[in-house]
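Each remark here refers to the structure printed beneath this line.
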Amino acid sequence: MKEVPMPYIKANQAGIVLLAAAAFIFQEPWIIAALWVIQTAGLLLGGQWNLFVR
């Protein structure tokens, strides 16, 4: 299994926290749906389509 570079992990974690906080603050459920799409795309397409990593 190939190791994932630490900056990619940190960028992904920061993106998740920021979008989750924004969804909580603005009370907008579509932000959580967007987060789910971003993470699912990254999982299914090998990380190259994760917007937080790009």
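In the structure tokens, chains take letters A, B, ... by order of appearance, with residues numbered from 1 within each chain and ligands from 1 in the order shown.
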Practice item. Tell me, as a list in words, which residues lie within 10 Å of Ile9 of chain A, counting only C-alpha atoms; anything in the same chain fewer than 6 positions away does not count. Key: Gly15, Phe52 and Val53 of chain A
For those residues, write C-alpha atoms to a file as a PDB file, in the first residue's frame.
```pdb
ATOM      1  CA  GLY A  15     -11.183  21.115   4.587  1.00  0.00           C
ATOM      2  CA  PHE A  52      -9.061  19.739  -0.580  1.00  0.00           C
ATOM      3  CA  VAL A  53      -5.892  18.026  -1.768  1.00  0.00           C
TER       4      VAL A  53
END
```
Point to revise | Long-range neighbours of segment 23-40 of chain A as a ChimeraX atom specification, 10 Å cut-off, only C-alpha atoms, 5 positions minimum in chain | key: /A:12,15-18,45-47,49-52
Review point. By how many Å are atom CA of Ala21 of chain A and atom CA of Leu43 of chain A apart?
Key: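 Separating atom CA of Ala21 of chain A from atom CA of Leu43 of chain A is a distance of 21.9 Å.
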**Study point:** helix (DSSP H, G or I) residues, from DSSP on the backbone, in chain A, as a ChimeraX atom specification
**Key:** /A:6-26,29-44
